>>> print(open('coords03.cif').read())   # mmCIF, C-alpha atoms
data_protein
loop_
_atom_site.group_PDB
_atom_site.id
_atom_site.type_symbol
_atom_site.label_atom_id
_atom_site.label_comp_id
_atom_site.auth_asym_id
_atom_site.auth_seq_id
_atom_site.Cartn_x
_atom_site.Cartn_y
_atom_site.Cartn_z
ATOM 1 C CA MET A 13 -70.464 3.820 77.581
ATOM 2 C CA ALA A 14 -70.007 7.542 78.071
ATOM 3 C CA THR A 15 -66.729 8.558 79.674
ATOM 4 C CA HIS A 16 -66.952 12.362 79.859
ATOM 5 C CA ASP A 17 -69.085 13.945 82.544
ATOM 6 C CA SER A 18 -71.106 15.876 79.967
ATOM 7 C CA ALA A 19 -71.783 12.681 77.997
ATOM 8 C CA LYS A 20 -72.913 10.922 81.162
ATOM 9 C CA LYS A 21 -75.297 13.760 81.939
ATOM 10 C CA ARG A 22 -76.631 13.706 78.362
ATOM 11 C CA ALA A 23 -77.294 9.960 78.699
ATOM 12 C CA ARG A 24 -79.247 10.541 81.922
ATOM 13 C CA GLN A 25 -81.275 13.310 80.299
ATOM 14 C CA ASN A 26 -82.045 11.134 77.292
ATOM 15 C CA VAL A 27 -83.445 8.384 79.498
ATOM 16 C CA LYS A 28 -85.729 10.817 81.357
ATOM 17 C CA ARG A 29 -86.924 12.485 78.183
ATOM 18 C CA ASN A 30 -87.526 9.166 76.434
ATOM 19 C CA ILE A 31 -89.775 8.021 79.277
ATOM 20 C CA ARG A 32 -91.680 11.334 79.280
ATOM 21 C CA ASN A 33 -92.067 11.361 75.501
ATOM 22 C CA ARG A 34 -93.284 7.759 75.299
ATOM 23 C CA SER A 35 -95.792 8.381 78.064
ATOM 24 C CA PHE A 36 -97.118 11.539 76.446
ATOM 25 C CA LEU A 37 -97.367 9.955 72.988
ATOM 26 C CA SER A 38 -99.257 7.034 74.497
ATOM 27 C CA GLN A 39 -101.764 9.439 76.049
ATOM 28 C CA ILE A 40 -102.196 11.175 72.687
ATOM 29 C CA LYS A 41 -102.775 7.907 70.841
ATOM 30 C CA SER A 42 -105.319 6.811 73.433
ATOM 31 C CA ALA A 43 -107.186 10.129 73.221
ATOM 32 C CA ILE A 44 -107.326 9.987 69.420
ATOM 33 C CA LYS A 45 -108.504 6.378 69.510
ATOM 34 C CA THR A 46 -111.210 7.300 72.019
ATOM 35 C CA PHE A 47 -112.308 10.141 69.753
ATOM 36 C CA ARG A 48 -112.494 7.895 66.688
ATOM 37 C CA THR A 49 -114.427 5.242 68.623
ATOM 38 C CA SER A 50 -116.806 7.939 69.846
ATOM 39 C CA ALA A 51 -117.294 9.200 66.290
ATOM 40 C CA ALA A 52 -118.267 5.693 65.212
ATOM 41 C CA ALA A 53 -120.634 5.414 68.188
ATOM 42 C CA LEU A 54 -122.203 8.740 67.226
ATOM 43 C CA LYS A 55 -122.993 7.367 63.759
ATOM 44 C CA GLU A 56 -124.756 4.421 65.393
ATOM 45 C CA GLY A 57 -126.685 6.768 67.674
ATOM 46 C CA LYS A 58 -125.059 5.534 70.871
ATOM 47 C CA LEU A 59 -123.445 8.865 71.717
ATOM 48 C CA THR A 60 -124.342 12.543 71.643
ATOM 49 C CA GLN A 61 -122.554 15.328 69.776
ATOM 50 C CA ASP A 62 -121.610 16.948 73.110
ATOM 51 C CA GLU A 63 -119.780 13.833 74.279
ATOM 52 C CA LEU A 64 -117.916 13.655 70.984
ATOM 53 C CA GLN A 65 -116.980 17.326 71.398
ATOM 54 C CA LYS A 66 -115.482 16.569 74.837
ATOM 55 C CA HIS A 67 -113.288 13.817 73.382
ATOM 56 C CA PHE A 68 -112.209 16.146 70.574
ATOM 57 C CA VAL A 69 -111.222 18.913 72.989
ATOM 58 C CA LYS A 70 -109.238 16.459 75.143
ATOM 59 C CA ALA A 71 -107.285 15.104 72.156
ATOM 60 C CA GLN A 72 -106.732 18.591 70.753
ATOM 61 C CA SER A 73 -105.408 19.786 74.108
ATOM 62 C CA LEU A 74 -102.943 16.907 74.354
ATOM 63 C CA LEU A 75 -101.729 17.472 70.794
ATOM 64 C CA SER A 76 -101.176 21.182 71.419
ATOM 65 C CA GLY A 77 -99.348 20.402 74.639
ATOM 66 C CA ALA A 78 -97.050 18.011 72.809
ATOM 67 C CA VAL A 79 -96.036 20.818 70.461
ATOM 68 C CA THR A 80 -95.280 23.092 73.398
ATOM 69 C CA LYS A 81 -93.113 20.421 75.032
ATOM 70 C CA GLY A 82 -91.287 19.727 71.761
ATOM 71 C CA ILE A 83 -92.566 16.162 71.457
ATOM 72 C CA LEU A 84 -94.403 16.695 68.154
ATOM 73 C CA HIS A 85 -93.821 19.068 65.280
ATOM 74 C CA ALA A 86 -96.434 21.811 64.959
ATOM 75 C CA ASN A 87 -97.485 20.694 61.475
ATOM 76 C CA ASN A 88 -97.929 17.113 62.664
ATOM 77 C CA SER A 89 -100.224 18.243 65.445
ATOM 78 C CA SER A 90 -102.169 20.569 63.158
ATOM 79 C CA ARG A 91 -102.674 17.804 60.600
ATOM 80 C CA ARG A 92 -104.043 15.422 63.223
ATOM 81 C CA ILE A 93 -106.368 18.072 64.665
ATOM 82 C CA ALA A 94 -107.627 18.964 61.185
ATOM 83 C CA ARG A 95 -108.412 15.326 60.423
ATOM 84 C CA MET A 96 -110.305 14.944 63.675
ATOM 85 C CA ALA A 97 -112.244 18.161 63.004
ATOM 86 C CA LYS A 98 -113.118 16.907 59.527
ATOM 87 C CA LEU A 99 -114.386 13.633 60.993
ATOM 88 C CA MET A 100 -116.404 15.473 63.610
ATOM 89 C CA LYS A 101 -117.936 17.777 60.984
ATOM 90 C CA ALA A 102 -118.883 14.793 58.830
ATOM 91 C CA ASN A 103 -120.689 13.242 61.791
ATOM 92 C CA GLY A 104 -122.225 16.516 62.978
#
>>> encode(input="coords03.cif", output="structure tokens")
Amino acid sequence: MATHDSAKKRARQNVKRNIRNRSFLSQIKSAIKTFRTSAAALKEGKLTQDELQKHFVKAQSLLSGAVTKGILHANNSSRRIARMAKLMKANG
């Protein structure tokens, strides 16, 4: 257990940040999964291109926000966005 005041504060900060980071990463994973499911539905003709575009924009926004907050590395976010764009272009 931390004994110095600064170490105690750091422990408190780590708990708060861990909760925020896990929550944000969960939202990102859900948005990407929704996008991929929508892309599959578009192939089957159950969804329109506009609806797929909305899911793409939502996931892209969350990924960019994660970079701003320091949760993801910029290259990681860019790679994920590029893969989603490639998938969307293949279905378009």
>>> resolve_selection(input="coords03.cif", expression="the PyMOL selection byres ((chain A and resi 85-93) around 9)", output="list in words")
Ile44, Phe68, Ala71, Gln72, Leu75, Ser76, Ala78, Val79, Thr80, Gly82, Ile83, Leu84, Ala94, Arg95, Met96, Ala97 and Lys98 of chain A
>>> resolve_selection(input="coords03.cif", expression="the PyMOL selection byres ((chain A and resi 102) around 12)", output="ChimeraX atom specification")
/A:51-52,54-55,61,95-101,103-104
>>> closest_residue(input="coords03.cif", among="A:Phe47, A:Ile40, A:Arg29, A:Gly77", to="A:Glu63", atoms="all atoms listed in the file")
A:Phe47
>>> atom_distance(input="coords03.cif", atom1="atom CA of A:Ala19", atom2="atom CA of A:Ser38")
28.3 Å
>>> residues_around(input="coords03.cif", residues="A:Ala23", least_positions_apart="6", cutoff="10 Å", atoms="only C-alpha atoms", output="number ranges by chain")
A: 13-14, 17, 29
>>> write_last_selection(input="coords03.cif", atoms="C-alpha atoms", output="PDB file, keeping the file's coordinate frame")
ATOM      1  CA  MET A  13     -70.464   3.820  77.581  1.00  0.00           C
ATOM      2  CA  ALA A  14     -70.007   7.542  78.071  1.00  0.00           C
ATOM      3  CA  ASP A  17     -69.085  13.945  82.544  1.00  0.00           C
ATOM      4  CA  ARG A  29     -86.924  12.485  78.183  1.00  0.00           C
TER       5      ARG A  29
END
>>> axis_aligned_box(input="coords03.cif", around="stretch 35-51 of chain A", padding_each_side="5 Å", output="AutoDock Vina command-line options")
--center_x -106.5 --center_y 8.4 --center_z 72.2 --size_x 31.5 --size_y 16.3 --size_z 21.8
>>> atom_distance(input="coords03.cif", atom1="atom CA of A:Ser73", atom2="atom CA of A:Asn30")
20.9 Å
>>> closest_residue(input="coords03.cif", among="A:Arg32, A:Lys81, A:Lys66, A:Lys21", to="A:Ser50", atoms="all atoms listed in the file")
A:Lys66
>>> atom_distance(input="coords03.cif", atom1="atom CA of A:Thr46", atom2="atom CA of A:Asp62")
14.2 Å
>>> decode(input="coords03.cif", residues="stretch 14-32 of chain A", atoms="N, CA and C atoms", output="tab-separated table (two decimals), in the first residue's frame")
chain	number	residue	atom	x	y	z
A	14	ALA	N	0.41	2.27	-0.66
A	14	ALA	CA	1.16	3.52	-0.75
A	14	ALA	C	1.23	4.20	0.62
A	15	THR	N	2.39	4.75	0.93
A	15	THR	CA	2.55	5.42	2.21
A	15	THR	C	2.71	6.93	2.06
A	16	HIS	N	3.33	7.38	0.98
A	16	HIS	CA	3.49	8.82	0.76
A	16	HIS	C	2.20	9.40	0.21
A	17	ASP	N	1.98	10.67	0.53
A	17	ASP	CA	0.76	11.33	0.06
A	17	ASP	C	0.67	11.34	-1.45
A	18	SER	N	1.80	11.58	-2.12
A	18	SER	CA	1.80	11.64	-3.58
A	18	SER	C	1.49	10.27	-4.18
A	19	ALA	N	1.95	9.21	-3.53
A	19	ALA	CA	1.68	7.85	-4.01
A	19	ALA	C	0.20	7.49	-3.80
A	20	LYS	N	-0.36	7.98	-2.70
A	20	LYS	CA	-1.78	7.75	-2.46
A	20	LYS	C	-2.63	8.45	-3.52
A	21	LYS	N	-2.25	9.68	-3.84
A	21	LYS	CA	-2.98	10.43	-4.85
A	21	LYS	C	-2.86	9.72	-6.21
A	22	ARG	N	-1.66	9.27	-6.54
A	22	ARG	CA	-1.44	8.56	-7.81
A	22	ARG	C	-2.32	7.32	-7.88
A	23	ALA	N	-2.46	6.60	-6.78
A	23	ALA	CA	-3.30	5.40	-6.75
A	23	ALA	C	-4.76	5.77	-7.00
A	24	ARG	N	-5.22	6.87	-6.41
A	24	ARG	CA	-6.60	7.32	-6.64
A	24	ARG	C	-6.81	7.69	-8.10
A	25	GLN	N	-5.85	8.40	-8.67
A	25	GLN	CA	-5.95	8.81	-10.07
A	25	GLN	C	-5.98	7.59	-10.99
A	26	ASN	N	-5.16	6.61	-10.68
A	26	ASN	CA	-5.10	5.40	-11.51
A	26	ASN	C	-6.43	4.67	-11.53
A	27	VAL	N	-7.10	4.62	-10.39
A	27	VAL	CA	-8.40	3.96	-10.33
A	27	VAL	C	-9.41	4.69	-11.21
A	28	LYS	N	-9.46	6.02	-11.10
A	28	LYS	CA	-10.40	6.81	-11.91
A	28	LYS	C	-10.12	6.67	-13.39
A	29	ARG	N	-8.86	6.73	-13.75
A	29	ARG	CA	-8.49	6.66	-15.16
A	29	ARG	C	-8.75	5.27	-15.73
A	30	ASN	N	-8.51	4.24	-14.92
A	30	ASN	CA	-8.76	2.87	-15.36
A	30	ASN	C	-10.23	2.66	-15.68
A	31	ILE	N	-11.10	3.19	-14.83
A	31	ILE	CA	-12.54	3.07	-15.06
A	31	ILE	C	-12.93	3.82	-16.33
A	32	ARG	N	-12.43	5.04	-16.51
A	32	ARG	CA	-12.74	5.83	-17.70
A	32	ARG	C	-12.24	5.14	-18.96
